[in-house]
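Student: One structure coming up, written as structure tokens, with questions to follow.
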Protein chains: 2
Amino acid sequence: MLFDRITIIGLGLIGGSLARALKRAALCKSITGYGRREAALRQAVEIGVIDYYSLDAREAVADADLVVLATPLSTTETLMRTIADALKPECIITDVGSAKGVVVAAARKALADRLAYFVPAHPVAGTEKSGVEASFAELFEKHIVIITPLAETGRSARDRVAAMWRGVGASVVDLEIGHHDEVLAATSHLPHVLVYTLIDCLARMQDKEEIFAYAAGGFADFTRVASSSPEMWRDICLANGASLLAVLDNFEQHLNGVREAIADADGDSLMKIFSRAKQARDMYTKTRGR
Amino acid sequence: MLFDRITIIGLGLIGGSLARALKRAALCKSITGYGRREAALRQAVEIGVIDYYSLDAREAVADADLVVLATPLSTTETLMRTIADALKPECIITDVGSAKGVVVAAARKALADRLAYFVPAHPVAGTEKSGVEASFAELFEKHIVIITPLAETGRSARDRVAAMWRGVGASVVDLEIGHHDEVLAATSHLPHVLVYTLIDCLARMQDKEEIFAYAAGGFADFTRVASSSPEMWRDICLANGASLLAVLDNFEQHLNGVREAIADADGDSLMKIFSRAKQARDMYTKTRGR
């Protein structure tokens with residue numbers, strides 16, 4: 001048994017799926033959930049996703065050997081402050097945030113004397129759906145969990161969190177905190193921003209009904225991420241603003257190049273750009289398929 | 001039998017799929033294919049996708065009652081000029097181009113005395129794959145085909161082309177030519193440009209291997225369209241440049257607003273934009289599901 005008692009703060013898609021996966025793999029003796037909606041927590045107990053719940057965060061973590069923070073990023077520091085002195089001395093704390101710089105900064109302030117037990121992590125998994133009702137035990141299978149340890153993070157704490165993620169089917173890699181935030185800004189945060197922006201742009205055009213009516217199948221795939229939780233993505237954009245703006249700059253420069261090629265009817269340049277992109281995308285698909 | 005002899009110019013994903021669908025629904029007596037690669041044409045005959053082929057476009061269309069142009073847009077006018085006086089007097093000509101303004105302009109030049117028999121059409125269907133080997137008979141089922149008739153297009157010609165598309169499972173709507181090009185620029189051409197641009201941008205970043213290695217599942221969906229044929233999309237961008245640049249302007253204005261909100265840590269604005277986008281996207285999915 002990897003842990004006796006695990007407390008999950010926030011039973012959304014990620015927290016709920018982790019609870020289900022931990023249960024299925026029998027990686028702990030009991031799971032306590034904390035959240036804002038009592039009805040959802042009670043239901044989670046009834047269907048066996050968790051064993052106990054509390055509407056008081058300090059009470060929820062009091063007996064825990066591991067606490068998993070799985071709420072939107074804007075709540076992280078407040079929650080850390082709330083639970084800090086309610087934790088058992090050797091309780092390990094981890095999180096699932098999509099941006100790590102802000103989480104680490106929050107921990108340095110709110111968990112300053114417990115950093116050996118703090119393991120920042122990011123399961124790179126999800127769907128466009130939200131909430132415990134969308135959670136499922138298989139969510140992390142064959143997905144990557146990125147751990148961004150602090151210099152202070154204890155080896156044992158890091159390894160036990162890594163073992164938990166491996167136990168629910170994920171593979172684990174370590175990345176430097178800032179590097180994580182740059183890479184995720186490029187492949188996840190920027191695409192979300194582009195799609196949210198495009199959909200909002202189209203939805204405000206005069207003939208929006210027609211525009212959406214004649215959209216092809218590719219449009220459904222392209223825009224899927226825009227059905228994700230606006231609250232979560234607002235928080236991610238704010239939390240990873242610097243890296244996101246840097247890659248957005250880079251993208252806009254490239255987009256200006258493409259715009260010029262279209263305006264100049266420069267087919268050779270377009271062909272080069274599109275061919276390079278297709279090659280990179282096909283390579284990505286091939287690598288991913290393995 | 002809707003047509004006796006149909007000739008399909010260009011046996012790629014669309015042309016090949018139409019041939020398969022016509023065969024399956026028994027909508028014509030025979031199909032002749034024209035293309036550049038003889039091996040592919042011979043194979044198409046062997047597996048029964050078409051009945052005959054020719055490497056000479058004029059020979060291929062000589063007996064046809066319907067000619068379907070299904071090659072990249074940059075080839076349209078030349079092909080029309082090549083076949084124009086080889087056609088039977090009452091042969092109907094249609095196409096499958098993703099931009100209609102250029103096709104109509106080409107027809108006005110190359111098919112000037114046959115406009116009553118010319119029916120510009122656009123099956124809004126496809127996958128990211130190319131070539132006859134990727135074609136399948138079900139491609140058009142439950143998809144929309146947009147017809148953009150000219151003032152000169154004869155009612156009977158339009159109706160017979162519409163009947164063909166309905167016969168292979170599509171629904172048919174008529175749109176004004178310029179309006180088609182604006183709507184498709186917004187929902188299809190701009191998304192392709194954004195994704196091609198993003199992938200090329202990421203592929204040229206220093207740590208590109210890592211960037212793609214840590215991409216989440218949403219990335220595969222978001223970027224699927226970048227595996228499409230670069231040649232086809234170069235032609236579409238050139239063919240529909242004006243509408244594409246107009247919607248790109250609109251998008252870039254919106255993107256600047258989002259950039260400012262991120263730079264100003266303006267969570268309220270981001271929340272509004274993302275929520276509106278999610279609502280529009282969820283509505284689109286719901287409507288599409290019906």
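Residue numbers start at 1 in each chain; chains themselves are named A, B, ... in the order of the structure tokens; ligands are numbered from 1 in the order shown.
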Per residue of chain A within 7 Å of chain B, record the nearest atom pair and its distance in Å to one decimal, counting only C-alpha atoms, with rows in chain order and ascending residue number, as a tab-separated table.
Tutor:
residue	atom	partner	partner_atom	distance
A:Val124	CA	B:Ala216	CA	5.6
A:Ala125	CA	B:Ala216	CA	6.1
A:Val183	CA	B:Ile211	CA	5.3
A:Thr187	CA	B:Ala215	CA	5.5
A:Ser188	CA	B:Phe219	CA	6.8
A:Tyr196	CA	B:Ala277	CA	5.5
A:Thr197	CA	B:Leu255	CA	6.2
A:Leu198	CA	B:Phe251	CA	6.3
A:Ile199	CA	B:Ala277	CA	5.3
A:Asp200	CA	B:Ala277	CA	4.6
A:Cys201	CA	B:Phe251	CA	6.1
A:Ala203	CA	B:Ala280	CA	6.4
A:Ile211	CA	B:Val183	CA	5.3
A:Phe212	CA	B:Tyr284	CA	6.4
A:Ala215	CA	B:Thr187	CA	5.5
A:Ala216	CA	B:Val124	CA	5.6
A:Gly217	CA	B:Ala125	CA	6.8
A:Gly218	CA	B:Val225	CA	6.5
A:Phe219	CA	B:Thr187	CA	6.7
A:Asp221	CA	B:Asp221	CA	5.1
A:Phe222	CA	B:Phe222	CA	4.2
A:Thr223	CA	B:Phe222	CA	6.8
A:Val225	CA	B:Gly218	CA	6.5
A:Ala226	CA	B:Lys278	CA	5.3
A:Ser227	CA	B:Lys278	CA	4.8
A:Pro230	CA	B:Phe274	CA	5.1
A:Glu231	CA	B:Met271	CA	6.4
A:Arg234	CA	B:Leu270	CA	5.8
A:Cys237	CA	B:Ile262	CA	6.4
A:Leu238	CA	B:Ala265	CA	5.7
A:Gly241	CA	B:Ile262	CA	6.0
A:Phe251	CA	B:Cys201	CA	6.1
A:His254	CA	B:Cys201	CA	6.4
A:Leu255	CA	B:Thr197	CA	6.2
A:Ile262	CA	B:Gly241	CA	6.0
A:Ala263	CA	B:Gly241	CA	6.8
A:Ala265	CA	B:Leu238	CA	5.7
A:Gly267	CA	B:Arg234	CA	6.2
A:Leu270	CA	B:Arg234	CA	5.8
A:Met271	CA	B:Arg234	CA	5.8
A:Ile273	CA	B:Asp200	CA	6.5
A:Phe274	CA	B:Pro230	CA	5.1
A:Ser275	CA	B:Pro230	CA	5.5
A:Arg276	CA	B:Asp200	CA	6.2
A:Ala277	CA	B:Asp200	CA	4.6
A:Lys278	CA	B:Ser227	CA	4.8
A:Ala280	CA	B:Ala203	CA	6.4
A:Arg281	CA	B:Ser227	CA	6.2
A:Asp282	CA	B:Ser227	CA	6.2
A:Tyr284	CA	B:Phe212	CA	6.4
Student: Would you give me, as a PyMOL selection string, the residues in region 78-224 of chain B that DSSP reads as helix (DSSP H, G or I)?
Tutor: chain B and resi 78-86+101-110+112-117+132-134+155-167+177-203+208-213+217-224
Student: Those residues you just picked out, can you put them in a file as a PDB file, in the first residue's frame with C-alpha atoms?
Tutor:
ATOM      1  CA  THR B  78      -6.290  25.138 -67.425  1.00  0.00           C
ATOM      2  CA  LEU B  79      -8.334  21.959 -67.225  1.00  0.00           C
ATOM      3  CA  MET B  80     -11.519  23.796 -68.187  1.00  0.00           C
ATOM      4  CA  ARG B  81      -9.761  25.273 -71.227  1.00  0.00           C
ATOM      5  CA  THR B  82      -8.351  21.873 -72.162  1.00  0.00           C
ATOM      6  CA  ILE B  83     -11.668  20.032 -72.084  1.00  0.00           C
ATOM      7  CA  ALA B  84     -14.078  22.813 -73.136  1.00  0.00           C
ATOM      8  CA  ASP B  85     -14.475  21.913 -76.815  1.00  0.00           C
ATOM      9  CA  ALA B  86     -14.097  18.172 -76.262  1.00  0.00           C
ATOM     10  CA  GLY B 101     -15.051  32.814 -56.569  1.00  0.00           C
ATOM     11  CA  VAL B 102     -11.972  31.717 -58.516  1.00  0.00           C
ATOM     12  CA  VAL B 103     -13.717  28.683 -59.963  1.00  0.00           C
ATOM     13  CA  VAL B 104     -16.584  30.799 -61.231  1.00  0.00           C
ATOM     14  CA  ALA B 105     -14.143  33.357 -62.667  1.00  0.00           C
ATOM     15  CA  ALA B 106     -12.298  30.547 -64.433  1.00  0.00           C
ATOM     16  CA  ALA B 107     -15.541  29.158 -65.820  1.00  0.00           C
ATOM     17  CA  ARG B 108     -16.596  32.578 -67.112  1.00  0.00           C
ATOM     18  CA  LYS B 109     -13.375  32.639 -69.110  1.00  0.00           C
ATOM     19  CA  ALA B 110     -12.939  29.016 -70.135  1.00  0.00           C
ATOM     20  CA  ALA B 112     -18.194  31.024 -71.429  1.00  0.00           C
ATOM     21  CA  ASP B 113     -20.633  29.451 -73.870  1.00  0.00           C
ATOM     22  CA  ARG B 114     -21.564  26.547 -71.580  1.00  0.00           C
ATOM     23  CA  LEU B 115     -22.409  28.340 -68.334  1.00  0.00           C
ATOM     24  CA  ALA B 116     -25.944  26.913 -68.364  1.00  0.00           C
ATOM     25  CA  TYR B 117     -24.303  23.523 -67.818  1.00  0.00           C
ATOM     26  CA  VAL B 132      -7.346   7.663 -53.775  1.00  0.00           C
ATOM     27  CA  GLU B 133      -5.938   5.192 -51.222  1.00  0.00           C
ATOM     28  CA  ALA B 134      -7.559   7.280 -48.468  1.00  0.00           C
ATOM     29  CA  ARG B 155     -32.152  24.723 -63.180  1.00  0.00           C
ATOM     30  CA  SER B 156     -32.011  21.195 -64.547  1.00  0.00           C
ATOM     31  CA  ALA B 157     -28.202  21.030 -64.399  1.00  0.00           C
ATOM     32  CA  ARG B 158     -28.230  22.317 -60.824  1.00  0.00           C
ATOM     33  CA  ASP B 159     -30.922  19.833 -59.814  1.00  0.00           C
ATOM     34  CA  ARG B 160     -29.155  16.843 -61.339  1.00  0.00           C
ATOM     35  CA  VAL B 161     -25.884  17.690 -59.562  1.00  0.00           C
ATOM     36  CA  ALA B 162     -27.828  18.186 -56.322  1.00  0.00           C
ATOM     37  CA  ALA B 163     -29.535  14.817 -56.843  1.00  0.00           C
ATOM     38  CA  MET B 164     -26.144  13.152 -57.296  1.00  0.00           C
ATOM     39  CA  TRP B 165     -24.869  14.522 -53.979  1.00  0.00           C
ATOM     40  CA  ARG B 166     -28.094  13.577 -52.203  1.00  0.00           C
ATOM     41  CA  GLY B 167     -27.759  10.149 -53.748  1.00  0.00           C
ATOM     42  CA  ILE B 177     -20.691  32.682 -54.283  1.00  0.00           C
ATOM     43  CA  GLY B 178     -19.066  35.465 -52.252  1.00  0.00           C
ATOM     44  CA  HIS B 179     -20.941  34.465 -49.152  1.00  0.00           C
ATOM     45  CA  HIS B 180     -19.680  30.899 -49.475  1.00  0.00           C
ATOM     46  CA  ASP B 181     -16.128  32.144 -49.669  1.00  0.00           C
ATOM     47  CA  GLU B 182     -16.511  34.328 -46.569  1.00  0.00           C
ATOM     48  CA  VAL B 183     -18.121  31.590 -44.487  1.00  0.00           C
ATOM     49  CA  LEU B 184     -15.560  28.962 -45.466  1.00  0.00           C
ATOM     50  CA  ALA B 185     -12.683  31.379 -44.900  1.00  0.00           C
ATOM     51  CA  ALA B 186     -13.888  31.697 -41.310  1.00  0.00           C
ATOM     52  CA  THR B 187     -14.556  28.074 -40.386  1.00  0.00           C
ATOM     53  CA  SER B 188     -12.136  26.182 -42.578  1.00  0.00           C
ATOM     54  CA  HIS B 189      -9.454  28.232 -44.293  1.00  0.00           C
ATOM     55  CA  LEU B 190      -8.447  30.353 -41.284  1.00  0.00           C
ATOM     56  CA  PRO B 191      -8.281  27.360 -38.894  1.00  0.00           C
ATOM     57  CA  HIS B 192      -6.013  25.552 -41.341  1.00  0.00           C
ATOM     58  CA  VAL B 193      -3.754  28.604 -41.618  1.00  0.00           C
ATOM     59  CA  LEU B 194      -3.585  28.976 -37.826  1.00  0.00           C
ATOM     60  CA  VAL B 195      -2.684  25.344 -37.257  1.00  0.00           C
ATOM     61  CA  TYR B 196      -0.135  25.133 -40.074  1.00  0.00           C
ATOM     62  CA  THR B 197       1.430  28.334 -38.735  1.00  0.00           C
ATOM     63  CA  LEU B 198       1.504  27.150 -35.136  1.00  0.00           C
ATOM     64  CA  ILE B 199       3.044  23.786 -35.981  1.00  0.00           C
ATOM     65  CA  ASP B 200       5.687  25.367 -38.186  1.00  0.00           C
ATOM     66  CA  CYS B 201       6.405  27.900 -35.438  1.00  0.00           C
ATOM     67  CA  LEU B 202       6.808  25.149 -32.812  1.00  0.00           C
ATOM     68  CA  ALA B 203       8.852  22.931 -35.137  1.00  0.00           C
ATOM     69  CA  LYS B 208      11.169  21.137 -30.606  1.00  0.00           C
ATOM     70  CA  GLU B 209      11.603  17.466 -29.716  1.00  0.00           C
ATOM     71  CA  GLU B 210      10.613  18.165 -26.123  1.00  0.00           C
ATOM     72  CA  ILE B 211       7.796  20.444 -27.142  1.00  0.00           C
ATOM     73  CA  PHE B 212       6.102  17.746 -29.161  1.00  0.00           C
ATOM     74  CA  ALA B 213       7.002  15.019 -26.650  1.00  0.00           C
ATOM     75  CA  GLY B 217      -4.171  14.707 -26.195  1.00  0.00           C
ATOM     76  CA  GLY B 218      -5.943  17.932 -27.136  1.00  0.00           C
ATOM     77  CA  PHE B 219      -2.943  18.820 -29.283  1.00  0.00           C
ATOM     78  CA  ALA B 220      -3.512  15.866 -31.593  1.00  0.00           C
ATOM     79  CA  ASP B 221      -7.103  16.959 -32.266  1.00  0.00           C
ATOM     80  CA  PHE B 222      -6.230  20.629 -32.552  1.00  0.00           C
ATOM     81  CA  THR B 223      -3.467  19.971 -35.068  1.00  0.00           C
ATOM     82  CA  ARG B 224      -5.090  17.217 -37.149  1.00  0.00           C
TER      83      ARG B 224
END
Student: Could you give me the residues within region 28-99 of chain B that DSSP places in strand (DSSP E or B), as a list in words?
Tutor: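 The residues of region 28-99 of chain B classed as strand (DSSP E or B) are Cys28, Lys29, Ser30, Ile31, Thr32, Gly33, Tyr34, Tyr52, Tyr53, Ser54, Leu66, Val67, Val68, Leu69, Ile92, Ile93, Thr94 and Asp95 of chain B.
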Student: Output all heavy atoms for every residue in that selection, as a CSV table (one decimal), in the first residue's frame.
Tutor:
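Below is the file that was written, selection30.csv:
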chain,number,residue,atom,x,y,z
B,28,CYS,N,-24.8,5.7,-61.8
B,28,CYS,CA,-24.4,5.9,-63.2
B,28,CYS,C,-24.1,4.6,-63.8
B,28,CYS,O,-23.8,3.6,-63.1
B,28,CYS,CB,-23.3,6.9,-63.3
B,28,CYS,SG,-21.8,6.4,-62.4
B,29,LYS,N,-24.0,4.6,-65.1
B,29,LYS,CA,-23.6,3.3,-65.8
B,29,LYS,C,-22.1,3.1,-65.8
B,29,LYS,O,-21.7,1.9,-65.6
B,29,LYS,CB,-24.1,3.3,-67.2
B,29,LYS,CG,-25.6,3.2,-67.3
B,29,LYS,CD,-26.0,3.0,-68.8
B,29,LYS,CE,-27.6,2.9,-68.9
B,29,LYS,NZ,-28.0,3.4,-70.2
B,30,SER,N,-21.3,4.2,-66.0
B,30,SER,CA,-19.9,3.9,-65.9
B,30,SER,C,-19.2,5.2,-65.5
B,30,SER,O,-19.7,6.3,-65.6
B,30,SER,CB,-19.4,3.5,-67.3
B,30,SER,OG,-19.4,4.6,-68.2
B,31,ILE,N,-18.0,5.0,-64.9
B,31,ILE,CA,-17.1,6.1,-64.5
B,31,ILE,C,-15.8,6.0,-65.1
B,31,ILE,O,-15.1,5.0,-65.1
B,31,ILE,CB,-17.0,6.1,-62.9
B,31,ILE,CG1,-18.3,6.1,-62.2
B,31,ILE,CG2,-16.1,7.3,-62.5
B,31,ILE,CD1,-18.2,6.0,-60.7
B,32,THR,N,-15.4,7.2,-65.7
B,32,THR,CA,-14.0,7.3,-66.3
B,32,THR,C,-13.2,8.2,-65.4
B,32,THR,O,-13.7,9.2,-65.0
B,32,THR,CB,-14.1,7.8,-67.7
B,32,THR,OG1,-14.9,7.0,-68.5
B,32,THR,CG2,-12.7,8.0,-68.3
B,33,GLY,N,-12.0,7.8,-65.2
B,33,GLY,CA,-11.1,8.6,-64.3
B,33,GLY,C,-10.0,9.2,-65.2
B,33,GLY,O,-9.5,8.6,-66.1
B,34,TYR,N,-9.6,10.5,-64.8
B,34,TYR,CA,-8.5,11.1,-65.4
B,34,TYR,C,-7.5,11.5,-64.3
B,34,TYR,O,-8.0,12.0,-63.3
B,34,TYR,CB,-8.9,12.3,-66.3
B,34,TYR,CG,-7.7,13.2,-66.6
B,34,TYR,CD1,-6.8,12.9,-67.6
B,34,TYR,CD2,-7.4,14.3,-65.8
B,34,TYR,CE1,-5.7,13.7,-67.9
B,34,TYR,CE2,-6.3,15.1,-66.1
B,34,TYR,CZ,-5.5,14.8,-67.1
B,34,TYR,OH,-4.4,15.6,-67.4
B,52,TYR,N,-13.0,3.0,-66.4
B,52,TYR,CA,-12.1,3.3,-67.4
B,52,TYR,C,-11.2,4.4,-66.9
B,52,TYR,O,-11.5,5.1,-66.0
B,52,TYR,CB,-12.7,3.7,-68.7
B,52,TYR,CG,-13.9,2.8,-69.2
B,52,TYR,CD1,-15.2,3.3,-69.0
B,52,TYR,CD2,-13.6,1.6,-69.7
B,52,TYR,CE1,-16.3,2.5,-69.4
B,52,TYR,CE2,-14.7,0.8,-70.1
B,52,TYR,CZ,-16.0,1.2,-69.9
B,52,TYR,OH,-17.0,0.4,-70.3
B,53,TYR,N,-10.0,4.5,-67.6
B,53,TYR,CA,-9.2,5.7,-67.3
B,53,TYR,C,-8.6,6.2,-68.6
B,53,TYR,O,-8.4,5.4,-69.6
B,53,TYR,CB,-8.2,5.5,-66.2
B,53,TYR,CG,-7.0,4.6,-66.6
B,53,TYR,CD1,-5.9,5.2,-67.3
B,53,TYR,CD2,-7.0,3.3,-66.4
B,53,TYR,CE1,-4.8,4.5,-67.6
B,53,TYR,CE2,-5.9,2.5,-66.7
B,53,TYR,CZ,-4.8,3.1,-67.4
B,53,TYR,OH,-3.7,2.3,-67.7
B,54,SER,N,-8.2,7.4,-68.6
B,54,SER,CA,-7.4,8.0,-69.7
B,54,SER,C,-6.4,8.9,-69.1
B,54,SER,O,-6.6,9.6,-68.1
B,54,SER,CB,-8.3,8.7,-70.7
B,54,SER,OG,-7.5,9.3,-71.7
B,66,LEU,N,-21.6,13.9,-67.4
B,66,LEU,CA,-21.3,14.7,-66.3
B,66,LEU,C,-19.8,14.7,-66.1
B,66,LEU,O,-19.2,13.6,-66.1
B,66,LEU,CB,-21.9,14.2,-65.0
B,66,LEU,CG,-21.5,15.0,-63.7
B,66,LEU,CD1,-22.1,16.4,-63.7
B,66,LEU,CD2,-21.9,14.2,-62.5
B,67,VAL,N,-19.1,15.8,-66.0
B,67,VAL,CA,-17.7,15.9,-65.6
B,67,VAL,C,-17.5,16.5,-64.3
B,67,VAL,O,-18.1,17.6,-64.0
B,67,VAL,CB,-16.9,16.7,-66.7
B,67,VAL,CG1,-15.5,17.0,-66.2
B,67,VAL,CG2,-16.9,16.0,-68.0
B,68,VAL,N,-16.8,15.9,-63.4
B,68,VAL,CA,-16.6,16.4,-62.1
B,68,VAL,C,-15.1,16.8,-62.0
B,68,VAL,O,-14.2,15.9,-62.1
B,68,VAL,CB,-16.9,15.4,-61.0
B,68,VAL,CG1,-16.7,16.0,-59.6
B,68,VAL,CG2,-18.3,14.8,-61.1
B,69,LEU,N,-14.8,18.1,-61.7
B,69,LEU,CA,-13.4,18.5,-61.6
B,69,LEU,C,-13.1,18.4,-60.1
B,69,LEU,O,-13.7,19.0,-59.2
B,69,LEU,CB,-13.3,20.0,-62.0
B,69,LEU,CG,-13.6,20.3,-63.5
B,69,LEU,CD1,-13.7,21.8,-63.7
B,69,LEU,CD2,-12.5,19.7,-64.4
B,92,ILE,N,-22.9,18.2,-68.4
B,92,ILE,CA,-22.9,19.1,-67.3
B,92,ILE,C,-21.5,19.0,-66.7
B,92,ILE,O,-20.9,18.0,-66.6
B,92,ILE,CB,-24.0,18.6,-66.2
B,92,ILE,CG1,-25.4,18.7,-66.8
B,92,ILE,CG2,-23.8,19.4,-64.9
B,92,ILE,CD1,-26.5,18.1,-66.0
B,93,ILE,N,-21.0,20.2,-66.2
B,93,ILE,CA,-19.7,20.3,-65.6
B,93,ILE,C,-19.9,20.8,-64.1
B,93,ILE,O,-20.6,21.7,-63.9
B,93,ILE,CB,-18.8,21.2,-66.3
B,93,ILE,CG1,-18.7,20.9,-67.8
B,93,ILE,CG2,-17.4,21.2,-65.7
B,93,ILE,CD1,-19.2,22.1,-68.6
B,94,THR,N,-19.3,20.1,-63.2
B,94,THR,CA,-19.3,20.6,-61.8
B,94,THR,C,-17.9,20.4,-61.2
B,94,THR,O,-17.0,19.9,-61.9
B,94,THR,CB,-20.4,19.8,-61.0
B,94,THR,OG1,-20.5,20.4,-59.7
B,94,THR,CG2,-20.0,18.3,-60.8
B,95,ASP,N,-17.8,21.0,-60.0
B,95,ASP,CA,-16.4,20.9,-59.4
B,95,ASP,C,-16.6,20.7,-57.9
B,95,ASP,O,-17.8,20.6,-57.4
B,95,ASP,CB,-15.6,22.1,-59.7
B,95,ASP,CG,-16.0,23.3,-58.7
B,95,ASP,OD1,-17.2,23.6,-58.7
B,95,ASP,OD2,-15.1,23.9,-58.1
Student: Do you have the CA of Ala19 (chain A)-CA of Leu87 (chain A) distance handy?
Tutor: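 The value is 19.9 Å.
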Student: Can you pull out every residue within 12 Å of Arg20 (chain B), counting only C-alpha atoms, but drop anything in the same chain fewer than 5 positions away, and send it as a count of residues only?
Tutor: 30
Student: What's the separation between CA of Glu152 (chain A) and CA of Phe118 (chain A), in Å to one decimal place?
Tutor: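 A separation of 8.4 Å between them.
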Student: Between CA of Leu73 (chain A) and CA of Val61 (chain A), what is the distance in Å, rounded to a tenth?
Tutor: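 Value for the CA of Leu73 (chain A)-CA of Val61 (chain A) distance: 18.8 Å.
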